[in-house]
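query17.pdb (PDB, C-alpha atoms, pLDDT in the B column) appears below.
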```
ATOM      1  CA  MET A   1       6.567-128.732 -81.303  1.00 85.00           C
ATOM      2  CA  LEU A   2       7.300-129.364 -85.001  1.00 95.00           C
ATOM      3  CA  ASP A   3       7.602-132.892 -86.365  1.00 96.00           C
ATOM      4  CA  ILE A   4       7.884-133.462 -90.129  1.00 96.00           C
ATOM      5  CA  LYS A   5       7.703-137.054 -91.351  1.00 96.00           C
ATOM      6  CA  ASN A   6       8.520-138.387 -94.822  1.00 97.00           C
ATOM      7  CA  LEU A   7       7.511-135.176 -96.571  1.00 96.00           C
ATOM      8  CA  ASN A   8       7.636-135.038-100.366  1.00 96.00           C
ATOM      9  CA  HIS A   9       6.580-132.101-102.516  1.00 95.00           C
ATOM     10  CA  SER A  10       6.577-131.448-106.257  1.00 93.00           C
ATOM     11  CA  VAL A  11       5.820-128.413-108.409  1.00 87.00           C
ATOM     12  CA  ASN A  12       4.709-128.174-112.021  1.00 83.00           C
ATOM     13  CA  ASP A  13       6.630-125.639-114.113  1.00 76.00           C
ATOM     14  CA  GLY A  14       4.094-125.825-116.928  1.00 77.00           C
ATOM     15  CA  THR A  15       5.687-128.701-118.796  1.00 80.00           C
ATOM     16  CA  ASN A  16       7.301-130.955-116.192  1.00 84.00           C
ATOM     17  CA  GLU A  17       6.695-132.136-112.657  1.00 86.00           C
ATOM     18  CA  ARG A  18       9.729-131.324-110.503  1.00 87.00           C
ATOM     19  CA  GLU A  19      10.332-132.757-107.052  1.00 91.00           C
ATOM     20  CA  ILE A  20      11.711-130.051-104.742  1.00 92.00           C
ATOM     21  CA  LEU A  21      11.364-131.810-101.364  1.00 95.00           C
ATOM     22  CA  SER A  22      12.287-135.476-101.041  1.00 95.00           C
ATOM     23  CA  ASP A  23      11.637-137.566 -97.911  1.00 95.00           C
ATOM     24  CA  ILE A  24      12.065-134.667 -95.463  1.00 96.00           C
ATOM     25  CA  ASN A  25      12.199-135.615 -91.775  1.00 96.00           C
ATOM     26  CA  LEU A  26      12.716-132.928 -89.151  1.00 96.00           C
ATOM     27  CA  LYS A  27      11.996-132.325 -85.461  1.00 95.00           C
ATOM     28  CA  LEU A  28      12.143-129.026 -83.596  1.00 95.00           C
ATOM     29  CA  ALA A  29      11.367-128.702 -79.889  1.00 94.00           C
ATOM     30  CA  GLN A  30      10.114-125.641 -78.036  1.00 91.00           C
ATOM     31  CA  GLY A  31      12.996-123.406 -76.990  1.00 92.00           C
ATOM     32  CA  GLN A  32      15.213-124.831 -79.751  1.00 94.00           C
ATOM     33  CA  SER A  33      16.480-122.796 -82.724  1.00 94.00           C
ATOM     34  CA  LEU A  34      17.141-124.150 -86.219  1.00 96.00           C
ATOM     35  CA  ALA A  35      18.700-122.615 -89.320  1.00 95.00           C
ATOM     36  CA  LEU A  36      17.530-123.717 -92.758  1.00 95.00           C
ATOM     37  CA  MET A  37      19.931-122.912 -95.598  1.00 94.00           C
ATOM     38  CA  GLY A  38      19.937-123.641 -99.310  1.00 90.00           C
ATOM     39  CA  ASP A  39      20.346-122.071-102.732  1.00 88.00           C
ATOM     40  CA  SER A  40      17.533-120.098-104.343  1.00 83.00           C
ATOM     41  CA  GLY A  41      14.924-122.514-105.648  1.00 80.00           C
ATOM     42  CA  SER A  42      16.011-125.290-103.287  1.00 86.00           C
ATOM     43  CA  GLY A  43      12.561-125.486-101.655  1.00 88.00           C
ATOM     44  CA  LYS A  44      13.039-123.422 -98.471  1.00 90.00           C
ATOM     45  CA  THR A  45      10.004-121.215 -99.078  1.00 87.00           C
ATOM     46  CA  SER A  46       7.874-124.197-100.082  1.00 90.00           C
ATOM     47  CA  LEU A  47       8.808-125.942 -96.838  1.00 93.00           C
ATOM     48  CA  LEU A  48       7.827-122.848 -94.828  1.00 91.00           C
ATOM     49  CA  ASN A  49       4.518-122.619 -96.707  1.00 90.00           C
ATOM     50  CA  LEU A  50       3.785-126.270 -95.973  1.00 94.00           C
ATOM     51  CA  ILE A  51       4.522-125.801 -92.263  1.00 94.00           C
ATOM     52  CA  CYS A  52       2.199-122.771 -92.244  1.00 90.00           C
ATOM     53  CA  ALA A  53      -0.447-124.812 -94.083  1.00 87.00           C
ATOM     54  CA  LEU A  54      -0.441-122.289 -96.925  1.00 87.00           C
ATOM     55  CA  GLU A  55       0.109-125.117 -99.427  1.00 90.00           C
ATOM     56  CA  PRO A  56      -1.508-128.586 -99.348  1.00 91.00           C
ATOM     57  CA  ILE A  57       0.641-131.497 -98.181  1.00 94.00           C
ATOM     58  CA  GLN A  58       1.021-133.894-101.095  1.00 94.00           C
ATOM     59  CA  GLN A  59       2.804-136.747 -99.337  1.00 95.00           C
ATOM     60  CA  GLY A  60       3.968-137.178 -95.757  1.00 96.00           C
ATOM     61  CA  ASP A  61       2.880-135.572 -92.498  1.00 96.00           C
ATOM     62  CA  ILE A  62       3.497-132.383 -90.529  1.00 96.00           C
ATOM     63  CA  TYR A  63       2.668-132.299 -86.825  1.00 95.00           C
ATOM     64  CA  LEU A  64       2.327-129.061 -84.869  1.00 93.00           C
ATOM     65  CA  SER A  65       1.928-129.675 -81.131  1.00 88.00           C
ATOM     66  CA  ASP A  66       1.088-133.335 -81.867  1.00 88.00           C
ATOM     67  CA  THR A  67      -1.666-132.338 -84.318  1.00 92.00           C
ATOM     68  CA  ASN A  68      -1.310-133.617 -87.860  1.00 94.00           C
ATOM     69  CA  ILE A  69      -2.233-130.662 -90.065  1.00 94.00           C
ATOM     70  CA  LYS A  70      -2.421-132.700 -93.279  1.00 93.00           C
ATOM     71  CA  ASN A  71      -6.181-133.183 -93.511  1.00 87.00           C
ATOM     72  CA  LEU A  72      -7.505-130.423 -91.273  1.00 91.00           C
ATOM     73  CA  SER A  73     -10.277-128.122 -92.443  1.00 91.00           C
ATOM     74  CA  ASP A  74      -9.485-124.548 -93.465  1.00 90.00           C
ATOM     75  CA  LYS A  75     -11.149-123.332 -90.265  1.00 91.00           C
ATOM     76  CA  LYS A  76      -8.955-125.499 -88.034  1.00 91.00           C
ATOM     77  CA  LEU A  77      -5.827-124.584 -90.002  1.00 90.00           C
ATOM     78  CA  SER A  78      -6.657-120.912 -89.556  1.00 88.00           C
ATOM     79  CA  LEU A  79      -6.972-121.415 -85.795  1.00 88.00           C
ATOM     80  CA  ILE A  80      -3.587-123.162 -85.643  1.00 89.00           C
ATOM     81  CA  ARG A  81      -1.923-120.350 -87.596  1.00 87.00           C
ATOM     82  CA  LYS A  82      -3.538-117.784 -85.320  1.00 86.00           C
ATOM     83  CA  ASN A  83      -2.871-119.525 -82.003  1.00 86.00           C
ATOM     84  CA  GLU A  84       0.409-121.393 -82.440  1.00 89.00           C
ATOM     85  CA  LEU A  85       2.452-119.795 -85.226  1.00 91.00           C
ATOM     86  CA  GLY A  86       4.383-116.549 -85.423  1.00 89.00           C
ATOM     87  CA  ILE A  87       5.756-115.481 -88.807  1.00 87.00           C
ATOM     88  CA  ILE A  88       8.345-112.840 -89.666  1.00 86.00           C
ATOM     89  CA  PHE A  89       8.059-112.179 -93.395  1.00 78.00           C
ATOM     90  CA  GLN A  90      10.914-110.982 -95.603  1.00 72.00           C
ATOM     91  CA  GLN A  91       9.053-107.711 -96.212  1.00 72.00           C
ATOM     92  CA  PHE A  92       7.790-107.586 -92.591  1.00 73.00           C
ATOM     93  CA  ASN A  93       4.255-106.563 -93.718  1.00 81.00           C
ATOM     94  CA  LEU A  94       3.551-104.011 -91.009  1.00 90.00           C
ATOM     95  CA  LEU A  95       0.142-102.332 -91.278  1.00 92.00           C
ATOM     96  CA  THR A  96       0.903 -98.806 -92.456  1.00 92.00           C
ATOM     97  CA  GLY A  97      -2.284 -97.323 -90.997  1.00 94.00           C
ATOM     98  CA  LEU A  98      -1.476 -98.471 -87.467  1.00 96.00           C
ATOM     99  CA  ASN A  99       1.173 -97.116 -85.138  1.00 96.00           C
ATOM    100  CA  VAL A 100       3.860 -99.366 -83.664  1.00 96.00           C
ATOM    101  CA  LYS A 101       1.874-100.109 -80.496  1.00 96.00           C
ATOM    102  CA  ASP A 102      -1.180-101.264 -82.459  1.00 96.00           C
ATOM    103  CA  ASN A 103       0.906-103.210 -84.995  1.00 95.00           C
ATOM    104  CA  ILE A 104       2.515-105.187 -82.185  1.00 95.00           C
ATOM    105  CA  ALA A 105      -0.810-105.859 -80.462  1.00 95.00           C
ATOM    106  CA  PHE A 106      -2.684-106.805 -83.667  1.00 93.00           C
ATOM    107  CA  SER A 107      -1.954-110.560 -83.830  1.00 87.00           C
ATOM    108  CA  ALA A 108      -2.118-110.997 -80.052  1.00 91.00           C
ATOM    109  CA  LYS A 109      -5.583-109.447 -79.905  1.00 92.00           C
ATOM    110  CA  LEU A 110      -6.699-111.516 -82.888  1.00 88.00           C
ATOM    111  CA  ALA A 111      -5.698-114.676 -80.993  1.00 86.00           C
ATOM    112  CA  ASN A 112      -7.196-113.420 -77.708  1.00 89.00           C
ATOM    113  CA  LYS A 113      -3.700-113.537 -76.170  1.00 90.00           C
ATOM    114  CA  PHE A 114      -3.135-109.845 -75.559  1.00 92.00           C
ATOM    115  CA  ASP A 115      -0.879-109.405 -72.530  1.00 93.00           C
ATOM    116  CA  GLN A 116       0.307-105.862 -71.921  1.00 95.00           C
ATOM    117  CA  GLN A 117       2.998-106.896 -69.437  1.00 93.00           C
ATOM    118  CA  HIS A 118       4.405-109.406 -71.935  1.00 92.00           C
ATOM    119  CA  ILE A 119       4.390-106.811 -74.735  1.00 94.00           C
ATOM    120  CA  THR A 120       6.055-104.221 -72.508  1.00 95.00           C
ATOM    121  CA  LYS A 121       8.891-106.666 -71.792  1.00 90.00           C
ATOM    122  CA  LEU A 122       9.231-107.408 -75.498  1.00 89.00           C
ATOM    123  CA  THR A 123       9.430-103.775 -76.545  1.00 92.00           C
ATOM    124  CA  GLU A 124      11.986-103.054 -73.836  1.00 91.00           C
ATOM    125  CA  SER A 125      14.098-106.071 -74.824  1.00 84.00           C
ATOM    126  CA  LEU A 126      14.014-104.965 -78.463  1.00 85.00           C
ATOM    127  CA  SER A 127      14.698-101.293 -77.586  1.00 88.00           C
ATOM    128  CA  ILE A 128      11.572-100.069 -79.378  1.00 93.00           C
ATOM    129  CA  ASP A 129       9.584 -98.914 -76.335  1.00 95.00           C
ATOM    130  CA  HIS A 130      10.201 -95.277 -77.375  1.00 96.00           C
ATOM    131  CA  LEU A 131       8.664 -95.869 -80.823  1.00 96.00           C
ATOM    132  CA  LEU A 132       5.173 -96.992 -79.808  1.00 97.00           C
ATOM    133  CA  GLU A 133       3.301 -93.934 -81.103  1.00 97.00           C
ATOM    134  CA  LYS A 134       5.226 -93.753 -84.384  1.00 97.00           C
ATOM    135  CA  TYR A 135       4.043 -95.127 -87.739  1.00 97.00           C
ATOM    136  CA  PRO A 136       5.924 -97.614 -89.975  1.00 94.00           C
ATOM    137  CA  ALA A 137       6.713 -94.982 -92.637  1.00 94.00           C
ATOM    138  CA  THR A 138       8.798 -93.023 -90.115  1.00 95.00           C
ATOM    139  CA  LEU A 139      10.930 -95.981 -88.984  1.00 93.00           C
ATOM    140  CA  SER A 140      14.354 -97.180 -90.134  1.00 88.00           C
ATOM    141  CA  GLY A 141      14.810-100.665 -91.580  1.00 83.00           C
ATOM    142  CA  GLY A 142      16.252-101.981 -88.329  1.00 82.00           C
ATOM    143  CA  GLU A 143      13.389-100.510 -86.306  1.00 88.00           C
ATOM    144  CA  ILE A 144      10.823-102.078 -88.635  1.00 88.00           C
ATOM    145  CA  GLN A 145      12.484-105.471 -88.147  1.00 83.00           C
ATOM    146  CA  ARG A 146      12.335-105.139 -84.377  1.00 86.00           C
ATOM    147  CA  VAL A 147       8.656-104.207 -84.534  1.00 91.00           C
ATOM    148  CA  ALA A 148       7.990-107.241 -86.753  1.00 89.00           C
ATOM    149  CA  ILE A 149       9.772-109.483 -84.239  1.00 87.00           C
ATOM    150  CA  ALA A 150       7.771-108.016 -81.356  1.00 90.00           C
ATOM    151  CA  ARG A 151       4.510-108.500 -83.273  1.00 91.00           C
ATOM    152  CA  ALA A 152       5.364-112.122 -84.045  1.00 89.00           C
ATOM    153  CA  LEU A 153       6.214-112.888 -80.390  1.00 88.00           C
ATOM    154  CA  ALA A 154       3.375-110.857 -78.840  1.00 91.00           C
ATOM    155  CA  ALA A 155       0.864-113.682 -79.244  1.00 89.00           C
ATOM    156  CA  LYS A 156       3.252-116.121 -77.501  1.00 89.00           C
ATOM    157  CA  PRO A 157       3.553-118.541 -80.439  1.00 91.00           C
ATOM    158  CA  LYS A 158       4.809-122.066 -79.917  1.00 92.00           C
ATOM    159  CA  LEU A 159       6.646-121.910 -83.251  1.00 94.00           C
ATOM    160  CA  LEU A 160       8.251-118.821 -84.814  1.00 93.00           C
ATOM    161  CA  LEU A 161       9.175-118.887 -88.513  1.00 93.00           C
ATOM    162  CA  ALA A 162      11.531-116.211 -89.830  1.00 91.00           C
ATOM    163  CA  ASP A 163      12.157-115.934 -93.582  1.00 88.00           C
ATOM    164  CA  GLU A 164      15.513-114.186 -94.181  1.00 85.00           C
ATOM    165  CA  PRO A 165      14.967-111.827 -91.222  1.00 81.00           C
ATOM    166  CA  THR A 166      18.351-110.117 -91.733  1.00 77.00           C
ATOM    167  CA  GLY A 167      18.425-110.016 -95.529  1.00 71.00           C
ATOM    168  CA  ASN A 168      18.745-106.233 -95.846  1.00 65.00           C
ATOM    169  CA  LEU A 169      20.893-105.541 -92.791  1.00 71.00           C
ATOM    170  CA  ASP A 170      24.599-104.946 -92.411  1.00 74.00           C
ATOM    171  CA  ILE A 171      26.654-107.413 -90.349  1.00 79.00           C
ATOM    172  CA  LYS A 172      26.430-105.440 -87.090  1.00 77.00           C
ATOM    173  CA  ASN A 173      22.647-105.038 -87.144  1.00 74.00           C
ATOM    174  CA  SER A 174      22.219-108.578 -88.450  1.00 79.00           C
ATOM    175  CA  ASN A 175      24.049-109.926 -85.405  1.00 83.00           C
ATOM    176  CA  ILE A 176      21.927-107.811 -83.072  1.00 80.00           C
ATOM    177  CA  VAL A 177      18.638-108.997 -84.604  1.00 79.00           C
ATOM    178  CA  VAL A 178      19.627-112.678 -84.666  1.00 87.00           C
ATOM    179  CA  ASP A 179      20.909-112.618 -81.074  1.00 88.00           C
ATOM    180  CA  LEU A 180      17.612-111.055 -79.986  1.00 82.00           C
ATOM    181  CA  LEU A 181      15.591-113.686 -81.866  1.00 86.00           C
ATOM    182  CA  VAL A 182      17.515-116.593 -80.354  1.00 90.00           C
ATOM    183  CA  ASN A 183      17.474-115.170 -76.826  1.00 87.00           C
ATOM    184  CA  LEU A 184      13.790-114.267 -76.932  1.00 83.00           C
ATOM    185  CA  ALA A 185      12.877-117.698 -78.312  1.00 86.00           C
ATOM    186  CA  LYS A 186      14.650-119.363 -75.391  1.00 89.00           C
ATOM    187  CA  THR A 187      13.165-116.917 -72.889  1.00 87.00           C
ATOM    188  CA  TYR A 188       9.612-117.590 -74.060  1.00 85.00           C
ATOM    189  CA  ASN A 189      10.177-121.294 -74.854  1.00 90.00           C
ATOM    190  CA  THR A 190       9.380-120.762 -78.518  1.00 91.00           C
ATOM    191  CA  ALA A 191      10.657-123.068 -81.261  1.00 95.00           C
ATOM    192  CA  LEU A 192      12.512-120.937 -83.832  1.00 95.00           C
ATOM    193  CA  LEU A 193      13.090-121.818 -87.497  1.00 96.00           C
ATOM    194  CA  VAL A 194      15.125-119.289 -89.475  1.00 94.00           C
ATOM    195  CA  VAL A 195      15.565-119.443 -93.252  1.00 92.00           C
ATOM    196  CA  THR A 196      18.854-117.784 -94.135  1.00 90.00           C
ATOM    197  CA  HIS A 197      21.613-117.629 -96.730  1.00 86.00           C
ATOM    198  CA  SER A 198      24.086-116.447 -94.091  1.00 86.00           C
ATOM    199  CA  GLN A 199      26.525-118.892 -92.500  1.00 87.00           C
ATOM    200  CA  GLN A 200      27.138-116.353 -89.748  1.00 87.00           C
ATOM    201  CA  VAL A 201      23.430-116.245 -88.896  1.00 89.00           C
ATOM    202  CA  ALA A 202      23.096-120.024 -89.126  1.00 91.00           C
ATOM    203  CA  GLN A 203      25.935-120.632 -86.682  1.00 91.00           C
ATOM    204  CA  LYS A 204      23.992-118.816 -83.960  1.00 92.00           C
ATOM    205  CA  MET A 205      21.260-121.477 -84.058  1.00 94.00           C
ATOM    206  CA  ASP A 206      21.244-124.720 -82.076  1.00 94.00           C
ATOM    207  CA  VAL A 207      21.162-126.841 -85.235  1.00 94.00           C
ATOM    208  CA  MET A 208      21.763-126.169 -88.928  1.00 95.00           C
ATOM    209  CA  TYR A 209      20.302-127.860 -91.990  1.00 96.00           C
ATOM    210  CA  ARG A 210      20.795-127.365 -95.706  1.00 95.00           C
ATOM    211  CA  LEU A 211      18.428-128.289 -98.531  1.00 94.00           C
ATOM    212  CA  VAL A 212      20.400-129.859-101.392  1.00 92.00           C
ATOM    213  CA  SER A 213      18.660-131.446-104.391  1.00 88.00           C
ATOM    214  CA  GLY A 214      15.481-131.841-102.366  1.00 90.00           C
ATOM    215  CA  LYS A 215      17.248-133.571 -99.472  1.00 93.00           C
ATOM    216  CA  LEU A 216      17.607-132.133 -95.974  1.00 94.00           C
ATOM    217  CA  LEU A 217      21.172-132.482 -94.706  1.00 93.00           C
ATOM    218  CA  GLN A 218      22.330-131.578 -91.212  1.00 90.00           C
ATOM    219  CA  VAL A 219      25.345-129.262 -91.133  1.00 88.00           C
ATOM    220  CA  HIS A 220      27.718-129.886 -88.254  1.00 69.00           C
ATOM    221  CA  ALA A 221      29.369-126.967 -86.474  1.00 56.00           C
ATOM    222  CA  LEU A 222      32.852-127.804 -87.766  1.00 44.00           C
ATOM    223  CA  GLU A 223      31.613-127.949 -91.360  1.00 54.00           C
ATOM    224  CA  ALA A 224      29.831-124.620 -90.968  1.00 51.00           C
ATOM    225  CA  LYS A 225      32.982-122.898 -89.754  1.00 50.00           C
ATOM    226  CA  LYS A 226      34.930-124.193 -92.752  1.00 48.00           C
ATOM    227  CA  ALA A 227      32.207-123.120 -95.225  1.00 50.00           C
TER     228      ALA A 227
END
```
Write the structure described by the file as structure tokens, please.
Amino acid sequence: MLDIKNLNHSVNDGTNEREILSDINLKLAQGQSLALMGDSGSGKTSLLNLICALEPIQQGDIYLSDTNIKNLSDKKLSLIRKNELGIIFQQFNLLTGLNVKDNIAFSAKLANKFDQQHITKLTESLSIDHLLEKYPATLSGGEIQRVAIARALAAKPKLLLADEPTGNLDIKNSNIVVDLLVNLAKTYNTALLVVTHSQQVAQKMDVMYRLVSGKLLQVHALEAKKA
């Protein structure tokens, strides 16, 4: 599903050019989950933005479903984001004027992939089926996260990107959310990439990587347990 080849990316801080991604190579298949760790400023968000085609690719290639997104037009990139990607933002970005039911259906309808049976299964799996008529302002933090997950999966994306999806949760609720993400990704054959600072979250994924000095290093299970 996702294939990154020889990716390099630099940013300009106003006075100097700084390389934050250096020769990144990464593959992620549908149904597989991957944790991406790294210190603040290590390039995790930049890598997510490049995968989402929100920043131009300077050097290297990114393939989504065998399509190289490097030189696509804005129109084609927009279609790929709409039809193939699901994104769970750190702030979740629910639409405050819509109730839970309409928030969940929003992206699916936009992509012409609305499937009520699929959404019903999602809301039941996430234990939010009793919240459908409520509005975001009335929900707890954990409920908002579950709604955001349901919205991201409602359009049946081939790749789901989650940026610190458990950042504001305690350990118990963090475990619940991550287990749901991993299980739902496997159920719906969705590739899952989770950016996280948490070793505990990362260990629940199939594979773990860490960005260090611009390089992508695979973390083996034994190393993760010692960390």
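In terms of minimum interatomic distance to Arg81 of chain A, A:Cys52 ranks closest within A:Cys52, A:Leu139, A:Val100, A:Ala105, counting all atoms listed in the file.
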Would you compute an axis-aligned box for segment 110-116 of chain A, covering every atom listed for it in the file with 5 Å of margin on each side, and report centre and edge lengths in Å to one decimal as JSON?
```
{"center_x": -3.4, "center_y": -110.3, "center_z": -77.4, "size_x": 17.5, "size_y": 18.8, "size_z": 21.0}
```
Once you count all atoms listed in the file, which residues end up no further than 12 Å from (21.9, -105.0, -88.1) in the file's frame, shown as a ChimeraX atom specification? /A:140-146,165-180,201
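Residues matched by the PyMOL selection byres ((chain A and resi 60-75) around 6) in this file are Met1, Leu2, Asp3, Ile4, Lys5, Asn6, Leu7, Ile57, Gln59, Lys76, Leu77 and Ser78 of chain A.
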Between A:Ala155, A:Leu193, A:Ala111, A:Val147, smallest distance to Ser127 of chain A by only C-alpha atoms belongs to A:Val147
Name all residues at most 8 Å from Gln30 of chain A (count only C-alpha atoms; drop same-chain ones fewer than 6 positions away) and give them as a list of chain:residue names. A:Met1, A:Lys158, A:Leu159, A:Asn189, A:Thr190, A:Ala191, A:Leu192
